[in-house]
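Structure first, then comments.
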Amino acid sequence: MPRILGVDVPGDKRVEFSLRYVYGIGPTRAQQVVAEAEIPTELRAKDLTDQQINRIIGVIQRNRFLIEGDLRRDIQQNLKRLQSINCYRGIRHRKGLPVRCQLAMYKQNRYGHGAMHMSYHHCQIRSLR
């Protein structure tokens with residue numbers, strides 16, 4: 001299991017897919033990093049040499065990608081800023097309500113999913129009669 005920027009990435013997967021285990025690196029950035037570091041696409045993470053790992057780390061640092069703790073801190077600061085200026089999104093975050101135009105008639109659980117209120121069903125049934 002190679003360690004890249006403080007994260008143990010799975011060794012049995014290809015490098016492009018194992019880089020996604022680093023918070024802040026998704027599919028597109030993983031492809032960019034592998035291409036820029038000139039790593040063969042079929043290479044598994046456990047077969048990386050120290051020089052290749054250093055090239056991957058260098059590409060990530062040279063492009064100044066926000067990853068792991070820095071990215072988490074940045075997101076938390078943005079949320080605190082929104083809450084402190086009392087904007088609509090900040091208030092919705094503070095109350096734990098849906099922020100991005102999800103329907104308010106749905107009872108949201110902490111994962112953003114939920115069942116519709118029964119009153120909504122009755123409303124629809126009455127309007128059809």
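Residue numbers start at 1 in each chain; chains themselves are named A, B, ... in the order of the structure tokens; ligands are numbered from 1 in the order shown.
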**Request:** Pick out the residues sitting within 10 Å of Ile56 in chain A, and hand them over as a PyMOL selection string; count only C-alpha atoms, and ignore anything fewer than 2 positions along from it in its own chain.
**Result:** chain A and resi 4-5+15+19+30+33-39+50-54+58-62
Restricting the output to C-alpha atoms, write the selected residues as a PDB file, in the first residue's frame.
```pdb
ATOM      1  CA  ILE A   4       0.806   9.490  -1.154  1.00  0.00           C
ATOM      2  CA  LEU A   5       0.557  12.800   0.698  1.00  0.00           C
ATOM      3  CA  VAL A  15      -2.766   4.413 -10.189  1.00  0.00           C
ATOM      4  CA  LEU A  19      -5.344   8.429  -6.523  1.00  0.00           C
ATOM      5  CA  ALA A  30      -6.409  11.806 -11.294  1.00  0.00           C
ATOM      6  CA  VAL A  33      -1.851  13.860 -12.560  1.00  0.00           C
ATOM      7  CA  VAL A  34      -1.089  10.495 -14.167  1.00  0.00           C
ATOM      8  CA  ALA A  35      -0.632  12.086 -17.603  1.00  0.00           C
ATOM      9  CA  GLU A  36       1.547  14.926 -16.346  1.00  0.00           C
ATOM     10  CA  ALA A  37       3.683  12.619 -14.193  1.00  0.00           C
ATOM     11  CA  GLU A  38       4.129  10.329 -17.230  1.00  0.00           C
ATOM     12  CA  ILE A  39       2.995   7.207 -15.369  1.00  0.00           C
ATOM     13  CA  ASP A  50       9.814   5.948  -5.203  1.00  0.00           C
ATOM     14  CA  GLN A  51      10.734   8.170  -8.142  1.00  0.00           C
ATOM     15  CA  GLN A  52       7.240   7.814  -9.648  1.00  0.00           C
ATOM     16  CA  ILE A  53       5.596   8.548  -6.289  1.00  0.00           C
ATOM     17  CA  ASN A  54       7.743  11.675  -5.965  1.00  0.00           C
ATOM     18  CA  GLY A  58       5.408  17.003  -7.341  1.00  0.00           C
ATOM     19  CA  VAL A  59       2.612  17.344  -9.908  1.00  0.00           C
ATOM     20  CA  ILE A  60      -0.010  17.753  -7.177  1.00  0.00           C
ATOM     21  CA  GLN A  61       2.049  20.377  -5.347  1.00  0.00           C
ATOM     22  CA  ARG A  62       3.079  22.207  -8.525  1.00  0.00           C
TER      23      ARG A  62
END
```
Test item: residues at most 7 Å from range 98-101 of chain A, only C-alpha atoms, excluding those fewer than 3 positions along its chain, as a compact mmCIF listing (two decimals) with N, CA, C and O atoms, in the first residue's frame:
```
# COMPACT_ATOMS: atom_id res chain seq x y z
N ARG A 89 -28.13 30.92 2.25
CA ARG A 89 -27.45 29.63 2.29
C ARG A 89 -26.87 29.35 3.67
O ARG A 89 -26.91 28.22 4.17
N ARG A 92 -29.70 28.33 6.03
CA ARG A 92 -30.13 26.97 5.74
C ARG A 92 -29.12 25.95 6.26
O ARG A 92 -29.49 24.91 6.79
N HIS A 93 -27.82 26.25 6.13
CA HIS A 93 -26.79 25.36 6.68
C HIS A 93 -26.91 25.28 8.20
O HIS A 93 -26.81 24.20 8.78
```
**Request:** Write out as a PyMOL selection string which residues come within 10 Å of Ala45 in chain A when counting only C-alpha atoms, dropping same-chain ones fewer than 2 positions away.
**Result:** chain A and resi 1-3+9-19+42-43+47-49+53
